[in-house]
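Report on the structure given below.
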Amino acid sequence: MTLHLRVGFMPLVDCALVVLAKDEGFAETEGLNLELVREVSWSNLRDKLNVRLFDAAHMLGPAAIAATLGVGGVKVPMAAPLALNLDGAAITVSVRRYEELARLADGDMADTEVSAKALAAMVARRKASGLPPLTLAAVFGFSSHTYLLCEWLAKGGLSLGTDIRFEVVPPPQTVEALTSGRVDGFCAGAPWNAAAVSAGIGAMVHTGTDLRRDCPDKVLAWQADDVERRAEAVRKLSAAILRASDWASDPVNIPRFARHLAAPDRLALPVEILEPVLQFNLLQGAGRLPRRVERFIRFDRAALRPEPTHADWILAGMERAGQVVRTPEMTAQARAVYRPAYF
């Protein structure tokens, strides 16, 4: 008997394993009829999972922890029997802002401390001139992208939300927000940095891997009680995603992989933007050649192990961002979200 599952996702390269589970037939092999629903924002996706309009979701790990803790919304305990990727984010600013940073930099802009100090100098100059503060965006308040921004800014003695205005901009809206001048830069997952550079309006400053290797990112999230109550459904979808991981890890499949993601009901972006990202060849903009970053985003099986220790970094990021004050009970609840049952 075929089991129907409705799974929400956001249009990002890191939704890949959910998409491949459906489009390469791995879910069907496991006896699943997988219905994928593209969402417009992480808050929409979270809320639909909260009220069981979705069975499961491609979800930000920090958002799953926030929902479990009841921070920033309704308390709905979540569980992640699988991660969906590690890494894959980048920080992009407008070409104009990048050129300003490069002029102020005392050293190599590839160094995260050098670029952060250049940003601090820009912030100080703007304040002295009576100009409004710079605005940086992340895709959601509870996201690795917010916490990576905080880590970068801290290297220059800056604080997000104090020295730099902060906005939440859903991934598909980041390019437009940069184009319109609503934000000066953003941290988001691939391919939206590449899309901004390709459009001629963005310049990549750093990849997330410049700040933190093997950074926890998206997970396959279920409501926590479903992991036991619907154990067969969880097992079948997890098995399909593990099959997708093996397929995605073979470089021979990259052209087909990119075509799946490019489809109108998936990311709806040109293959020419997506394929280089999957090959780890990243557009930088501002007159620079593409940069190769080994393992810029990880889909291998080892990356899919939902490590409870990932919750420690996430909680530290939440605390740095002023979202929580950690307690031992909170740490235990957050760690319980990550459940490596299939490893």
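By convention in this document, the chains of the structure tokens carry letters A, B, ... by their order, each chain's residues are numbered from 1, and ligands are numbered from 1 in the order they are shown.
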Item to check | helix (DSSP H, G or I) residues, from DSSP on the backbone, in region 51-244 of chain A, as a PyMOL selection string | outcome: chain A and resi 61-69+95-104+112-128+144-154+171-180+192-198+208-211+226-229+231-244
Item to check | DSSP strand (DSSP E or B) residues within region 106-171 of chain A, as a ChimeraX atom specification | outcome: /A:135-138,160,164-168
Item to check | Which residue of A:Lys127, A:Lys236, A:His4, A:His58 approaches Leu17 (chain A) most closely, using only C-alpha atoms | outcome: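 Among the listed residues, the smallest separation from Leu17 (chain A) belongs to A:His58.
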Item to check | Close residues, region 203-210 of chain A itself excluded, 6 Å, only C-alpha atoms, min 6 positions apart in chain, as JSON, numbers by chain | outcome: {"A": [89, 90, 91, 92, 93, 94, 95, 197, 284, 285, 286]}
Once you have the residues from the selection above, write them out as a PDB file, in the first residue's frame, restricted to N, CA and C atoms.
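Wrote selection20.pdb, looks like this:
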ATOM      1  N   ALA A  89      25.883  28.315   2.705  1.00  0.00           N
ATOM      2  CA  ALA A  89      25.494  29.723   2.806  1.00  0.00           C
ATOM      3  C   ALA A  89      26.628  30.630   2.345  1.00  0.00           C
ATOM      4  N   ALA A  90      26.283  31.892   2.085  1.00  0.00           N
ATOM      5  CA  ALA A  90      27.287  32.908   1.772  1.00  0.00           C
ATOM      6  C   ALA A  90      26.751  34.278   2.165  1.00  0.00           C
ATOM      7  N   ILE A  91      27.687  35.203   2.363  1.00  0.00           N
ATOM      8  CA  ILE A  91      27.345  36.596   2.656  1.00  0.00           C
ATOM      9  C   ILE A  91      27.621  37.416   1.405  1.00  0.00           C
ATOM     10  N   THR A  92      26.613  38.121   0.938  1.00  0.00           N
ATOM     11  CA  THR A  92      26.702  38.937  -0.267  1.00  0.00           C
ATOM     12  C   THR A  92      26.278  40.355   0.052  1.00  0.00           C
ATOM     13  N   VAL A  93      26.999  41.323  -0.484  1.00  0.00           N
ATOM     14  CA  VAL A  93      26.613  42.729  -0.339  1.00  0.00           C
ATOM     15  C   VAL A  93      26.470  43.328  -1.734  1.00  0.00           C
ATOM     16  N   SER A  94      25.929  44.522  -1.809  1.00  0.00           N
ATOM     17  CA  SER A  94      25.832  45.185  -3.102  1.00  0.00           C
ATOM     18  C   SER A  94      27.239  45.457  -3.633  1.00  0.00           C
ATOM     19  N   VAL A  95      27.370  45.583  -4.931  1.00  0.00           N
ATOM     20  CA  VAL A  95      28.678  45.856  -5.534  1.00  0.00           C
ATOM     21  C   VAL A  95      29.254  47.151  -4.963  1.00  0.00           C
ATOM     22  N   VAL A 197      24.805  37.880  -7.786  1.00  0.00           N
ATOM     23  CA  VAL A 197      26.029  38.182  -8.541  1.00  0.00           C
ATOM     24  C   VAL A 197      25.755  38.108 -10.038  1.00  0.00           C
ATOM     25  N   GLN A 284      31.734  35.415  -7.743  1.00  0.00           N
ATOM     26  CA  GLN A 284      32.075  36.366  -6.683  1.00  0.00           C
ATOM     27  C   GLN A 284      31.632  37.790  -6.992  1.00  0.00           C
ATOM     28  N   GLY A 285      31.628  38.172  -8.249  1.00  0.00           N
ATOM     29  CA  GLY A 285      31.220  39.526  -8.614  1.00  0.00           C
ATOM     30  C   GLY A 285      32.296  40.558  -8.338  1.00  0.00           C
ATOM     31  N   ALA A 286      31.977  41.825  -8.622  1.00  0.00           N
ATOM     32  CA  ALA A 286      32.901  42.950  -8.442  1.00  0.00           C
ATOM     33  C   ALA A 286      34.193  42.732  -9.225  1.00  0.00           C
TER      34      ALA A 286
END
Item to check | Which of A:Phe299, A:Trp247, A:Phe280, A:Tyr338 sits closest to Glu24 (chain A) [using only C-alpha atoms] | outcome: A:Trp247
Item to check | Residue neighbourhood Leu32 (chain A), 8 Å, only C-alpha atoms, exclusion window fewer than 2 positions, as a list in words | outcome: Thr2, Leu3, His4, Leu5, Ala27, Glu28, Thr29, Glu30, Leu34, Lys236 and Leu237 of chain A
Using all heavy atoms, can you export the residues from the last selection as a PDB file, in the first residue's frame?
ATOM      1  N   THR A   2       0.599   2.168  -0.919  1.00  0.00           N
ATOM      2  CA  THR A   2       1.375   3.403  -1.027  1.00  0.00           C
ATOM      3  C   THR A   2       0.922   4.408   0.022  1.00  0.00           C
ATOM      4  O   THR A   2      -0.269   4.615   0.236  1.00  0.00           O
ATOM      5  CB  THR A   2       1.221   4.012  -2.432  1.00  0.00           C
ATOM      6  OG1 THR A   2       1.685   3.066  -3.396  1.00  0.00           O
ATOM      7  CG2 THR A   2       2.030   5.286  -2.558  1.00  0.00           C
ATOM      8  N   LEU A   3       1.878   5.024   0.669  1.00  0.00           N
ATOM      9  CA  LEU A   3       1.615   6.003   1.721  1.00  0.00           C
ATOM     10  C   LEU A   3       1.826   7.409   1.162  1.00  0.00           C
ATOM     11  O   LEU A   3       2.861   7.698   0.551  1.00  0.00           O
ATOM     12  CB  LEU A   3       2.569   5.749   2.893  1.00  0.00           C
ATOM     13  CG  LEU A   3       2.501   6.694   4.088  1.00  0.00           C
ATOM     14  CD1 LEU A   3       1.140   6.607   4.767  1.00  0.00           C
ATOM     15  CD2 LEU A   3       3.609   6.350   5.077  1.00  0.00           C
ATOM     16  N   HIS A   4       0.845   8.288   1.345  1.00  0.00           N
ATOM     17  CA  HIS A   4       0.940   9.666   0.857  1.00  0.00           C
ATOM     18  C   HIS A   4       1.515  10.563   1.943  1.00  0.00           C
ATOM     19  O   HIS A   4       1.043  10.552   3.085  1.00  0.00           O
ATOM     20  CB  HIS A   4      -0.440  10.183   0.432  1.00  0.00           C
ATOM     21  CG  HIS A   4      -0.415  11.590  -0.095  1.00  0.00           C
ATOM     22  ND1 HIS A   4      -0.623  12.687   0.705  1.00  0.00           N
ATOM     23  CD2 HIS A   4      -0.193  12.069  -1.346  1.00  0.00           C
ATOM     24  CE1 HIS A   4      -0.536  13.779  -0.027  1.00  0.00           C
ATOM     25  NE2 HIS A   4      -0.277  13.440  -1.269  1.00  0.00           N
ATOM     26  N   LEU A   5       2.535  11.353   1.582  1.00  0.00           N
ATOM     27  CA  LEU A   5       3.116  12.324   2.506  1.00  0.00           C
ATOM     28  C   LEU A   5       3.196  13.681   1.819  1.00  0.00           C
ATOM     29  O   LEU A   5       3.612  13.793   0.668  1.00  0.00           O
ATOM     30  CB  LEU A   5       4.533  11.905   2.930  1.00  0.00           C
ATOM     31  CG  LEU A   5       4.664  10.694   3.852  1.00  0.00           C
ATOM     32  CD1 LEU A   5       6.132  10.417   4.145  1.00  0.00           C
ATOM     33  CD2 LEU A   5       3.893  10.902   5.155  1.00  0.00           C
ATOM     34  N   ALA A  27      11.451   7.881  -3.463  1.00  0.00           N
ATOM     35  CA  ALA A  27      10.296   7.793  -2.571  1.00  0.00           C
ATOM     36  C   ALA A  27       9.335   6.712  -3.051  1.00  0.00           C
ATOM     37  O   ALA A  27       8.816   5.922  -2.248  1.00  0.00           O
ATOM     38  CB  ALA A  27       9.583   9.142  -2.498  1.00  0.00           C
ATOM     39  N   GLU A  28       9.113   6.677  -4.353  1.00  0.00           N
ATOM     40  CA  GLU A  28       8.222   5.652  -4.911  1.00  0.00           C
ATOM     41  C   GLU A  28       8.751   4.256  -4.614  1.00  0.00           C
ATOM     42  O   GLU A  28       7.981   3.343  -4.275  1.00  0.00           O
ATOM     43  CB  GLU A  28       8.082   5.875  -6.415  1.00  0.00           C
ATOM     44  CG  GLU A  28       7.059   4.972  -7.074  1.00  0.00           C
ATOM     45  CD  GLU A  28       6.905   5.260  -8.556  1.00  0.00           C
ATOM     46  OE1 GLU A  28       7.606   6.152  -9.072  1.00  0.00           O
ATOM     47  OE2 GLU A  28       6.083   4.577  -9.186  1.00  0.00           O
ATOM     48  N   THR A  29      10.057   4.091  -4.735  1.00  0.00           N
ATOM     49  CA  THR A  29      10.674   2.793  -4.431  1.00  0.00           C
ATOM     50  C   THR A  29      10.398   2.373  -2.988  1.00  0.00           C
ATOM     51  O   THR A  29      10.237   1.176  -2.702  1.00  0.00           O
ATOM     52  CB  THR A  29      12.203   2.864  -4.666  1.00  0.00           C
ATOM     53  OG1 THR A  29      12.436   3.143  -6.046  1.00  0.00           O
ATOM     54  CG2 THR A  29      12.888   1.559  -4.287  1.00  0.00           C
ATOM     55  N   GLU A  30      10.314   3.347  -2.094  1.00  0.00           N
ATOM     56  CA  GLU A  30      10.047   3.070  -0.676  1.00  0.00           C
ATOM     57  C   GLU A  30       8.550   2.957  -0.368  1.00  0.00           C
ATOM     58  O   GLU A  30       8.159   2.831   0.790  1.00  0.00           O
ATOM     59  CB  GLU A  30      10.669   4.163   0.200  1.00  0.00           C
ATOM     60  CG  GLU A  30      12.185   4.211   0.156  1.00  0.00           C
ATOM     61  CD  GLU A  30      12.838   2.964   0.709  1.00  0.00           C
ATOM     62  OE1 GLU A  30      12.226   2.310   1.589  1.00  0.00           O
ATOM     63  OE2 GLU A  30      13.945   2.637   0.274  1.00  0.00           O
ATOM     64  N   LEU A  34       4.950  11.039  -2.684  1.00  0.00           N
ATOM     65  CA  LEU A  34       5.461  12.243  -2.055  1.00  0.00           C
ATOM     66  C   LEU A  34       4.918  13.475  -2.779  1.00  0.00           C
ATOM     67  O   LEU A  34       5.163  13.672  -3.961  1.00  0.00           O
ATOM     68  CB  LEU A  34       6.984  12.223  -2.121  1.00  0.00           C
ATOM     69  CG  LEU A  34       7.764  13.102  -1.142  1.00  0.00           C
ATOM     70  CD1 LEU A  34       7.385  12.793   0.290  1.00  0.00           C
ATOM     71  CD2 LEU A  34       9.267  12.896  -1.346  1.00  0.00           C
ATOM     72  N   LYS A 236      10.412   5.328   5.998  1.00  0.00           N
ATOM     73  CA  LYS A 236      10.368   5.287   4.536  1.00  0.00           C
ATOM     74  C   LYS A 236      10.922   6.571   3.914  1.00  0.00           C
ATOM     75  O   LYS A 236      11.704   6.528   2.956  1.00  0.00           O
ATOM     76  CB  LYS A 236       8.924   5.059   4.069  1.00  0.00           C
ATOM     77  CG  LYS A 236       8.404   3.642   4.251  1.00  0.00           C
ATOM     78  CD  LYS A 236       6.944   3.550   3.834  1.00  0.00           C
ATOM     79  CE  LYS A 236       6.411   2.124   3.965  1.00  0.00           C
ATOM     80  NZ  LYS A 236       6.961   1.245   2.922  1.00  0.00           N
ATOM     81  N   LEU A 237      10.531   7.729   4.439  1.00  0.00           N
ATOM     82  CA  LEU A 237      11.029   8.983   3.873  1.00  0.00           C
ATOM     83  C   LEU A 237      12.526   9.134   4.140  1.00  0.00           C
ATOM     84  O   LEU A 237      13.271   9.594   3.265  1.00  0.00           O
ATOM     85  CB  LEU A 237      10.256  10.176   4.450  1.00  0.00           C
ATOM     86  CG  LEU A 237      10.629  11.548   3.870  1.00  0.00           C
ATOM     87  CD1 LEU A 237      10.537  11.559   2.345  1.00  0.00           C
ATOM     88  CD2 LEU A 237       9.748  12.639   4.463  1.00  0.00           C
TER      89      LEU A 237
END
Next on the checklist: Using only C-alpha atoms, can you tell me which of A:Gly8, A:Gly189, A:Pro340, A:Gly157 comes closest to Ala138 (chain A)?
Outcome noted: A:Gly189
Item to check | Counting only C-alpha atoms, the option among A:Ala80, A:Leu261, A:Ala121, A:Val271 closest to Ile65 (chain A) | outcome: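 For Ile65 (chain A), the nearest of the given residues is A:Ala80.
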Tell me which protein, DNA and RNA residues are within 9 Å of Cys15 (chain A), counting only C-alpha atoms, leaving out same-chain ones fewer than 3 positions away, and put them as a PDB file with N, CA and C atoms, in the first residue's frame.
ATOM      1  N   PHE A   9       8.761  22.663   1.359  1.00  0.00           N
ATOM      2  CA  PHE A   9      10.163  23.022   1.133  1.00  0.00           C
ATOM      3  C   PHE A   9      10.252  24.468   0.698  1.00  0.00           C
ATOM      4  N   MET A  10      11.440  25.027   0.856  1.00  0.00           N
ATOM      5  CA  MET A  10      11.747  26.366   0.357  1.00  0.00           C
ATOM      6  C   MET A  10      12.684  26.236  -0.835  1.00  0.00           C
ATOM      7  N   PRO A  11      12.581  27.154  -1.816  1.00  0.00           N
ATOM      8  CA  PRO A  11      13.391  27.036  -3.034  1.00  0.00           C
ATOM      9  C   PRO A  11      14.848  27.427  -2.802  1.00  0.00           C
ATOM     10  N   LEU A  12      15.631  26.435  -2.419  1.00  0.00           N
ATOM     11  CA  LEU A  12      17.062  26.572  -2.148  1.00  0.00           C
ATOM     12  C   LEU A  12      17.762  25.318  -2.638  1.00  0.00           C
ATOM     13  N   VAL A  18      15.150  16.292  -0.732  1.00  0.00           N
ATOM     14  CA  VAL A  18      13.696  16.097  -0.749  1.00  0.00           C
ATOM     15  C   VAL A  18      13.203  16.060  -2.198  1.00  0.00           C
ATOM     16  N   VAL A  19      13.695  16.990  -3.017  1.00  0.00           N
ATOM     17  CA  VAL A  19      13.312  17.035  -4.434  1.00  0.00           C
ATOM     18  C   VAL A  19      13.754  15.765  -5.158  1.00  0.00           C
ATOM     19  N   LEU A  20      14.990  15.339  -4.928  1.00  0.00           N
ATOM     20  CA  LEU A  20      15.500  14.140  -5.607  1.00  0.00           C
ATOM     21  C   LEU A  20      14.766  12.882  -5.146  1.00  0.00           C
ATOM     22  N   HIS A  58      11.336  20.387   4.941  1.00  0.00           N
ATOM     23  CA  HIS A  58      12.707  20.889   4.766  1.00  0.00           C
ATOM     24  C   HIS A  58      12.761  22.148   5.630  1.00  0.00           C
ATOM     25  N   MET A  59      13.527  22.109   6.720  1.00  0.00           N
ATOM     26  CA  MET A  59      13.392  23.167   7.727  1.00  0.00           C
ATOM     27  C   MET A  59      14.753  23.603   8.260  1.00  0.00           C
ATOM     28  N   LEU A  84      19.577  17.525   6.345  1.00  0.00           N
ATOM     29  CA  LEU A  84      19.475  17.522   4.879  1.00  0.00           C
ATOM     30  C   LEU A  84      20.720  18.068   4.198  1.00  0.00           C
ATOM     31  N   ASN A  85      21.594  18.718   4.946  1.00  0.00           N
ATOM     32  CA  ASN A  85      22.846  19.234   4.391  1.00  0.00           C
ATOM     33  C   ASN A  85      23.674  19.832   5.510  1.00  0.00           C
ATOM     34  N   LYS A 218      19.962  22.790   7.299  1.00  0.00           N
ATOM     35  CA  LYS A 218      18.578  22.307   7.198  1.00  0.00           C
ATOM     36  C   LYS A 218      18.455  20.886   7.742  1.00  0.00           C
ATOM     37  N   LEU A 261      16.517  20.765 -10.055  1.00  0.00           N
ATOM     38  CA  LEU A 261      16.340  21.956  -9.220  1.00  0.00           C
ATOM     39  C   LEU A 261      15.824  23.148 -10.017  1.00  0.00           C
ATOM     40  N   ARG A 266      10.175  23.916  -8.689  1.00  0.00           N
ATOM     41  CA  ARG A 266      11.240  23.718  -7.696  1.00  0.00           C
ATOM     42  C   ARG A 266      11.889  25.075  -7.396  1.00  0.00           C
TER      43      ARG A 266
END
Next on the checklist: Env of Ala244 (chain A): 7 Å cut, atoms = only C-alpha atoms, seq-sep filter 2 positions within chain, self excluded. Answer as a ChimeraX atom specification.
Outcome noted: /A:17,20-21,26,240-242,246-248
